[in-house]
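A.B. asks: Contents of my_file_1.cif (mmCIF, N, CA and C atoms) are below:
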```cif
data_data
loop_
_atom_site.label_atom_id
_atom_site.label_comp_id
_atom_site.auth_asym_id
_atom_site.auth_seq_id
_atom_site.Cartn_x
_atom_site.Cartn_y
_atom_site.Cartn_z
N MET A 1 86.00 67.11 -2.27
CA MET A 1 87.26 66.47 -2.61
C MET A 1 87.01 65.12 -3.27
N THR A 2 85.88 64.54 -2.96
CA THR A 2 85.58 63.23 -3.55
C THR A 2 85.11 63.35 -5.00
N LEU A 3 84.89 64.58 -5.48
CA LEU A 3 84.47 64.77 -6.87
C LEU A 3 85.64 64.64 -7.85
N PHE A 4 86.86 64.68 -7.33
CA PHE A 4 88.03 64.59 -8.20
C PHE A 4 88.35 63.12 -8.47
N LEU A 5 88.68 62.84 -9.73
CA LEU A 5 89.04 61.48 -10.13
C LEU A 5 90.37 61.11 -9.50
N SER A 6 90.40 59.98 -8.82
CA SER A 6 91.65 59.53 -8.20
C SER A 6 91.98 58.12 -8.67
N ILE A 7 93.26 57.80 -8.58
CA ILE A 7 93.76 56.48 -8.96
C ILE A 7 94.30 55.83 -7.70
N LYS A 8 93.87 54.61 -7.43
CA LYS A 8 94.32 53.91 -6.22
C LYS A 8 95.60 53.15 -6.49
N ASN A 9 96.54 53.26 -5.57
CA ASN A 9 97.79 52.49 -5.64
C ASN A 9 97.49 51.07 -5.22
N THR A 10 97.95 50.10 -5.99
CA THR A 10 97.66 48.70 -5.67
C THR A 10 98.45 48.20 -4.48
N HIS A 11 99.55 48.88 -4.12
CA HIS A 11 100.40 48.42 -3.02
C HIS A 11 100.10 49.13 -1.70
N SER A 12 99.33 50.20 -1.74
CA SER A 12 99.01 50.93 -0.51
C SER A 12 97.58 51.43 -0.62
N GLN A 13 97.14 52.09 0.40
CA GLN A 13 95.78 52.63 0.40
C GLN A 13 95.74 54.06 -0.15
N ARG A 14 96.89 54.58 -0.57
CA ARG A 14 96.97 55.96 -1.04
C ARG A 14 96.25 56.12 -2.38
N GLN A 15 95.56 57.24 -2.51
CA GLN A 15 94.89 57.60 -3.75
C GLN A 15 95.70 58.72 -4.40
N TYR A 16 95.78 58.69 -5.72
CA TYR A 16 96.55 59.70 -6.44
C TYR A 16 95.65 60.55 -7.32
N LEU A 17 95.88 61.86 -7.27
CA LEU A 17 95.15 62.81 -8.09
C LEU A 17 96.05 63.27 -9.24
N GLU A 18 95.44 63.84 -10.27
CA GLU A 18 96.20 64.32 -11.43
C GLU A 18 97.29 65.29 -11.01
N GLY A 19 98.43 65.23 -11.70
CA GLY A 19 99.57 66.07 -11.38
C GLY A 19 99.33 67.56 -11.58
N GLU A 20 98.37 67.93 -12.46
CA GLU A 20 98.09 69.35 -12.69
C GLU A 20 97.35 69.97 -11.51
N LEU A 21 96.76 69.14 -10.68
CA LEU A 21 96.02 69.64 -9.53
C LEU A 21 96.96 69.99 -8.39
N SER A 22 96.49 70.85 -7.53
CA SER A 22 97.16 71.17 -6.28
C SER A 22 96.04 71.46 -5.28
N ILE A 23 96.38 71.55 -4.02
CA ILE A 23 95.34 71.86 -3.03
C ILE A 23 94.74 73.23 -3.33
N LYS A 24 95.59 74.19 -3.71
CA LYS A 24 95.10 75.53 -4.04
C LYS A 24 94.14 75.49 -5.23
N LYS A 25 94.51 74.76 -6.28
CA LYS A 25 93.65 74.67 -7.47
C LYS A 25 92.34 73.96 -7.12
N MET A 26 92.42 72.91 -6.32
CA MET A 26 91.22 72.20 -5.90
C MET A 26 90.31 73.12 -5.09
N TYR A 27 90.91 73.95 -4.23
CA TYR A 27 90.12 74.88 -3.42
C TYR A 27 89.41 75.90 -4.31
N GLU A 28 90.10 76.40 -5.32
CA GLU A 28 89.48 77.36 -6.24
C GLU A 28 88.29 76.72 -6.97
N LEU A 29 88.44 75.48 -7.40
CA LEU A 29 87.33 74.78 -8.05
C LEU A 29 86.19 74.53 -7.06
N TYR A 30 86.55 74.22 -5.82
CA TYR A 30 85.55 74.02 -4.77
C TYR A 30 84.77 75.32 -4.53
N GLU A 31 85.46 76.45 -4.49
CA GLU A 31 84.78 77.74 -4.29
C GLU A 31 83.76 77.99 -5.40
N GLU A 32 84.15 77.70 -6.65
CA GLU A 32 83.22 77.87 -7.78
C GLU A 32 82.02 76.94 -7.63
N PHE A 33 82.29 75.71 -7.22
CA PHE A 33 81.23 74.71 -7.08
C PHE A 33 80.20 75.13 -6.03
N VAL A 34 80.66 75.55 -4.84
CA VAL A 34 79.70 75.93 -3.79
C VAL A 34 79.01 77.25 -4.12
N ALA A 35 79.69 78.15 -4.85
CA ALA A 35 79.05 79.41 -5.24
C ALA A 35 77.86 79.13 -6.16
N GLU A 36 78.02 78.17 -7.06
CA GLU A 36 76.92 77.78 -7.96
C GLU A 36 75.74 77.22 -7.18
N LYS A 37 76.02 76.61 -6.03
CA LYS A 37 74.97 76.03 -5.19
C LYS A 37 74.39 77.06 -4.22
N GLY A 38 74.97 78.28 -4.22
CA GLY A 38 74.49 79.31 -3.31
C GLY A 38 74.95 79.11 -1.88
N LEU A 39 76.04 78.38 -1.69
CA LEU A 39 76.58 78.10 -0.35
C LEU A 39 77.84 78.89 -0.11
N SER A 40 78.24 78.98 1.15
CA SER A 40 79.49 79.65 1.51
C SER A 40 80.59 78.62 1.66
N PRO A 41 81.74 78.86 1.06
CA PRO A 41 82.85 77.90 1.19
C PRO A 41 83.53 78.02 2.55
N VAL A 42 84.14 76.93 2.99
CA VAL A 42 84.98 77.01 4.19
C VAL A 42 86.25 77.75 3.80
N LYS A 43 86.96 78.26 4.79
CA LYS A 43 88.22 78.96 4.53
C LYS A 43 89.26 77.98 4.00
N PHE A 44 90.28 78.51 3.30
CA PHE A 44 91.30 77.67 2.69
C PHE A 44 92.01 76.81 3.73
N HIS A 45 92.35 77.40 4.88
CA HIS A 45 93.10 76.62 5.88
C HIS A 45 92.28 75.43 6.37
N LYS A 46 90.96 75.58 6.45
CA LYS A 46 90.10 74.47 6.87
C LYS A 46 90.03 73.41 5.76
N TYR A 47 89.93 73.85 4.51
CA TYR A 47 89.90 72.93 3.37
C TYR A 47 91.19 72.12 3.35
N ARG A 48 92.32 72.80 3.55
CA ARG A 48 93.62 72.12 3.55
C ARG A 48 93.72 71.13 4.71
N GLU A 49 93.22 71.52 5.87
CA GLU A 49 93.24 70.63 7.04
C GLU A 49 92.45 69.36 6.76
N ILE A 50 91.26 69.51 6.18
CA ILE A 50 90.43 68.35 5.85
C ILE A 50 91.14 67.48 4.82
N PHE A 51 91.72 68.12 3.79
CA PHE A 51 92.45 67.38 2.76
C PHE A 51 93.56 66.55 3.37
N CYS A 52 94.32 67.15 4.28
CA CYS A 52 95.50 66.49 4.85
C CYS A 52 95.16 65.44 5.91
N THR A 53 94.04 65.59 6.60
CA THR A 53 93.75 64.68 7.71
C THR A 53 92.72 63.60 7.38
N GLU A 54 91.78 63.91 6.49
CA GLU A 54 90.70 62.96 6.25
C GLU A 54 90.82 62.20 4.93
N PHE A 55 91.75 62.60 4.10
CA PHE A 55 91.93 61.94 2.81
C PHE A 55 93.37 61.48 2.67
N ASN A 56 93.56 60.34 2.05
CA ASN A 56 94.90 59.80 1.83
C ASN A 56 95.28 60.03 0.37
N TYR A 57 95.26 61.32 -0.02
CA TYR A 57 95.54 61.70 -1.40
C TYR A 57 96.97 62.20 -1.55
N SER A 58 97.51 61.95 -2.72
CA SER A 58 98.78 62.52 -3.12
C SER A 58 98.63 62.90 -4.58
N PHE A 59 99.56 63.68 -5.08
CA PHE A 59 99.50 64.11 -6.47
C PHE A 59 100.50 63.31 -7.29
N ILE A 60 100.06 62.87 -8.47
CA ILE A 60 100.94 62.11 -9.36
C ILE A 60 102.02 63.05 -9.87
N LYS A 61 103.25 62.60 -9.74
CA LYS A 61 104.36 63.38 -10.28
C LYS A 61 104.63 62.88 -11.70
N PRO A 62 104.81 63.81 -12.62
CA PRO A 62 105.08 63.37 -13.99
C PRO A 62 106.36 62.55 -14.06
N VAL A 63 106.30 61.49 -14.84
CA VAL A 63 107.46 60.62 -15.03
C VAL A 63 108.25 61.16 -16.22
N LYS A 64 109.57 61.16 -16.07
CA LYS A 64 110.41 61.60 -17.18
C LYS A 64 110.29 60.62 -18.33
N ASP A 65 110.24 61.17 -19.52
CA ASP A 65 110.26 60.32 -20.71
C ASP A 65 111.66 59.77 -20.90
N LEU A 66 111.74 58.53 -21.27
CA LEU A 66 113.03 57.91 -21.57
C LEU A 66 113.09 57.62 -23.06
N CYS A 67 114.28 57.79 -23.62
CA CYS A 67 114.45 57.39 -25.02
C CYS A 67 114.45 55.86 -25.05
N ASP A 68 114.37 55.30 -26.24
CA ASP A 68 114.30 53.85 -26.39
C ASP A 68 115.52 53.15 -25.80
N LEU A 69 116.71 53.73 -26.03
CA LEU A 69 117.93 53.11 -25.51
C LEU A 69 117.93 53.09 -23.98
N CYS A 70 117.60 54.23 -23.36
CA CYS A 70 117.58 54.30 -21.90
C CYS A 70 116.55 53.34 -21.31
N ALA A 71 115.37 53.26 -21.93
CA ALA A 71 114.33 52.35 -21.45
C ALA A 71 114.79 50.90 -21.57
N GLU A 72 115.45 50.57 -22.69
CA GLU A 72 115.94 49.20 -22.88
C GLU A 72 117.00 48.85 -21.84
N VAL A 73 117.93 49.78 -21.60
CA VAL A 73 119.00 49.52 -20.63
C VAL A 73 118.43 49.39 -19.22
N ASP A 74 117.45 50.24 -18.87
CA ASP A 74 116.81 50.11 -17.55
C ASP A 74 116.20 48.73 -17.37
N LEU A 75 115.50 48.26 -18.40
CA LEU A 75 114.88 46.94 -18.34
C LEU A 75 115.93 45.84 -18.22
N LYS A 76 116.97 45.93 -19.04
CA LYS A 76 118.03 44.91 -19.01
C LYS A 76 118.75 44.89 -17.66
N LYS A 77 118.94 46.08 -17.06
CA LYS A 77 119.58 46.15 -15.73
C LYS A 77 118.72 45.43 -14.69
N LYS A 78 117.41 45.66 -14.75
CA LYS A 78 116.51 45.02 -13.78
C LYS A 78 116.53 43.50 -13.94
N GLU A 79 116.73 43.05 -15.17
CA GLU A 79 116.76 41.61 -15.44
C GLU A 79 118.17 41.03 -15.31
N ASN A 80 119.14 41.87 -14.94
CA ASN A 80 120.55 41.45 -14.88
C ASN A 80 120.98 40.81 -16.20
N ASN A 81 120.63 41.46 -17.29
CA ASN A 81 120.88 40.90 -18.61
C ASN A 81 121.45 41.96 -19.56
N LEU A 82 122.36 42.80 -19.05
CA LEU A 82 122.92 43.88 -19.85
C LEU A 82 124.26 43.45 -20.43
N SER A 83 124.33 43.39 -21.75
CA SER A 83 125.58 42.96 -22.42
C SER A 83 126.62 44.08 -22.35
N ASP A 84 127.88 43.71 -22.51
CA ASP A 84 128.97 44.69 -22.51
C ASP A 84 128.80 45.67 -23.67
N GLU A 85 128.37 45.16 -24.81
CA GLU A 85 128.17 46.03 -25.98
C GLU A 85 127.10 47.08 -25.70
N LYS A 86 125.99 46.65 -25.12
CA LYS A 86 124.89 47.58 -24.81
C LYS A 86 125.32 48.56 -23.72
N ARG A 87 126.10 48.10 -22.75
CA ARG A 87 126.60 48.97 -21.68
C ARG A 87 127.50 50.06 -22.28
N TYR A 88 128.38 49.68 -23.21
CA TYR A 88 129.27 50.64 -23.86
C TYR A 88 128.45 51.66 -24.66
N GLU A 89 127.46 51.18 -25.41
CA GLU A 89 126.59 52.06 -26.19
C GLU A 89 125.86 53.05 -25.28
N TYR A 90 125.38 52.55 -24.15
CA TYR A 90 124.66 53.39 -23.18
C TYR A 90 125.59 54.44 -22.57
N GLU A 91 126.80 54.03 -22.19
CA GLU A 91 127.76 54.98 -21.60
C GLU A 91 128.10 56.09 -22.59
N ARG A 92 128.29 55.73 -23.86
CA ARG A 92 128.56 56.72 -24.90
C ARG A 92 127.35 57.66 -25.06
N HIS A 93 126.17 57.09 -25.02
CA HIS A 93 124.93 57.85 -25.13
C HIS A 93 124.81 58.87 -23.99
N ILE A 94 125.11 58.44 -22.77
CA ILE A 94 125.03 59.33 -21.61
C ILE A 94 126.07 60.44 -21.70
N LYS A 95 127.28 60.12 -22.16
CA LYS A 95 128.31 61.15 -22.34
C LYS A 95 127.85 62.20 -23.35
N GLU A 96 127.27 61.74 -24.46
CA GLU A 96 126.76 62.67 -25.47
C GLU A 96 125.63 63.53 -24.90
N LYS A 97 124.75 62.91 -24.13
CA LYS A 97 123.64 63.65 -23.52
C LYS A 97 124.16 64.74 -22.60
N ASN A 98 125.15 64.38 -21.76
CA ASN A 98 125.71 65.36 -20.83
C ASN A 98 126.43 66.48 -21.55
N LEU A 99 127.14 66.15 -22.63
CA LEU A 99 127.82 67.17 -23.43
C LEU A 99 126.80 68.13 -24.04
N MET A 100 125.71 67.60 -24.57
CA MET A 100 124.67 68.45 -25.15
C MET A 100 124.04 69.35 -24.10
N ARG A 101 123.83 68.83 -22.90
CA ARG A 101 123.26 69.66 -21.83
C ARG A 101 124.21 70.79 -21.45
N GLU A 102 125.50 70.49 -21.40
CA GLU A 102 126.49 71.53 -21.08
C GLU A 102 126.51 72.60 -22.16
N GLU A 103 126.44 72.18 -23.43
CA GLU A 103 126.41 73.14 -24.53
C GLU A 103 125.15 74.00 -24.47
N LYS A 104 124.03 73.38 -24.16
CA LYS A 104 122.77 74.12 -24.04
C LYS A 104 122.86 75.13 -22.90
N LYS A 105 123.42 74.70 -21.78
CA LYS A 105 123.57 75.59 -20.62
C LYS A 105 124.48 76.77 -20.97
N ALA A 106 125.59 76.50 -21.65
CA ALA A 106 126.50 77.57 -22.05
C ALA A 106 125.82 78.54 -23.01
N ASP A 107 125.03 78.00 -23.95
CA ASP A 107 124.30 78.86 -24.88
C ASP A 107 123.33 79.76 -24.13
N LYS A 108 122.61 79.21 -23.17
CA LYS A 108 121.65 80.01 -22.39
C LYS A 108 122.35 81.10 -21.60
N GLU A 109 123.49 80.74 -20.99
CA GLU A 109 124.22 81.70 -20.16
C GLU A 109 124.90 82.78 -20.99
N SER A 110 125.22 82.50 -22.25
CA SER A 110 125.91 83.49 -23.08
C SER A 110 125.00 84.66 -23.43
N GLY A 111 123.71 84.42 -23.49
CA GLY A 111 122.77 85.48 -23.81
C GLY A 111 122.79 85.91 -25.26
N ILE A 112 123.61 85.27 -26.07
CA ILE A 112 123.71 85.61 -27.49
C ILE A 112 122.74 84.72 -28.26
N PRO A 113 121.79 85.33 -28.96
CA PRO A 113 120.87 84.50 -29.74
C PRO A 113 121.61 83.83 -30.89
N ILE A 114 121.39 82.56 -31.03
CA ILE A 114 122.05 81.78 -32.07
C ILE A 114 120.98 81.19 -32.98
N LEU A 115 121.16 81.40 -34.27
CA LEU A 115 120.22 80.85 -35.23
C LEU A 115 121.00 79.99 -36.21
N ASN A 116 120.76 78.72 -36.19
CA ASN A 116 121.38 77.79 -37.13
C ASN A 116 120.30 77.22 -38.02
N ILE A 117 120.52 77.31 -39.31
CA ILE A 117 119.57 76.75 -40.26
C ILE A 117 120.24 75.57 -40.94
N LEU A 118 119.65 74.41 -40.78
CA LEU A 118 120.18 73.20 -41.39
C LEU A 118 119.36 72.87 -42.62
N THR A 119 120.06 72.59 -43.71
CA THR A 119 119.34 72.24 -44.94
C THR A 119 119.77 70.88 -45.43
#
```
For the structure just supplied, provide its representation as structure tokens.
C.D. replies:
Amino acid sequence: MTLFLSIKNTHSQRQYLEGELSIKKMYELYEEFVAEKGLSPVKFHKYREIFCTEFNYSFIKPVKDLCDLCAEVDLKKKENNLSDEKRYEYERHIKEKNLMREEKKADKESGIPILNILT
């Protein structure tokens, strides 16, 4: 388990592993590693027990990408520096985003393939 690259949290002692990893994936890689060495791997439940009790690891969860406007508004909110104009622009932006999501959901549920060609 110590062969995996981890990132230490500066505020706690927790170490973070890449989000693509899981205990199952790590175990599969471990099995390959010990097989190459001619050794027998421990059972999965034992590997999981060791992972959970002897290591302070967690998996990094992917962060949602924010558009420039959303990122700017988040920053301004944290600084308590959000103008009325920017707030109005953001509210309009969120309404448009929600409308587009609803349209996308309706399109998916309709089951009718739609092809629009824009020129």
A.B. asks: Find the spatial neighbours of Tyr30 in chain A, counting all atoms listed in the file, within a cut-off of 8 Å - ignore same-chain residues fewer than 4 positions away - and output them as a PyMOL selection string.
C.D. replies: chain A and resi 1+24-26+34-36+41-42
A.B. asks: Could you check how far atom N of Lys46 in chain A sits from atom N of Phe59 in chain A, in Å to one decimal?
C.D. replies: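 Atom N of Phe59 in chain A lies at a distance of 18.7 Å from atom N of Lys46 in chain A.
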A.B. asks: As a ChimeraX atom specification, list the residues of chain A assigned to helix (DSSP H, G or I) by DSSP on the backbone atoms of this structure.
C.D. replies: /A:23-36,44-54,68-78,84-110
A.B. asks: What does the distance from CA of Lys86 in chain A to CA of Cys67 in chain A come to in Å, to one decimal?
C.D. replies: 14.3 Å
A.B. asks: Output as a compact mmCIF listing (two decimals) with N, CA and C atoms, in the frame of the given file all residues of chain A that backbone DSSP marks as strand (DSSP E or B).
C.D. replies:
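File written: selection-v3.txt
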```
# COMPACT_ATOMS: atom_id res chain seq x y z
N SER A 6 90.40 59.98 -8.82
CA SER A 6 91.65 59.53 -8.20
C SER A 6 91.98 58.12 -8.67
N ILE A 7 93.26 57.80 -8.58
CA ILE A 7 93.76 56.48 -8.96
C ILE A 7 94.30 55.83 -7.70
N LYS A 8 93.87 54.61 -7.43
CA LYS A 8 94.32 53.91 -6.22
C LYS A 8 95.60 53.15 -6.49
N GLN A 15 95.56 57.24 -2.51
CA GLN A 15 94.89 57.60 -3.75
C GLN A 15 95.70 58.72 -4.40
N TYR A 16 95.78 58.69 -5.72
CA TYR A 16 96.55 59.70 -6.44
C TYR A 16 95.65 60.55 -7.32
N LEU A 17 95.88 61.86 -7.27
CA LEU A 17 95.15 62.81 -8.09
C LEU A 17 96.05 63.27 -9.24
N TYR A 57 95.26 61.32 -0.02
CA TYR A 57 95.54 61.70 -1.40
C TYR A 57 96.97 62.20 -1.55
N SER A 58 97.51 61.95 -2.72
CA SER A 58 98.78 62.52 -3.12
C SER A 58 98.63 62.90 -4.58
N PHE A 59 99.56 63.68 -5.08
CA PHE A 59 99.50 64.11 -6.47
C PHE A 59 100.50 63.31 -7.29
```
A.B. asks: Do you have the atom C of Tyr57 in chain A-atom N of Leu17 in chain A distance handy?
C.D. replies: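 Distance reported for this atom pair: 5.8 Å.
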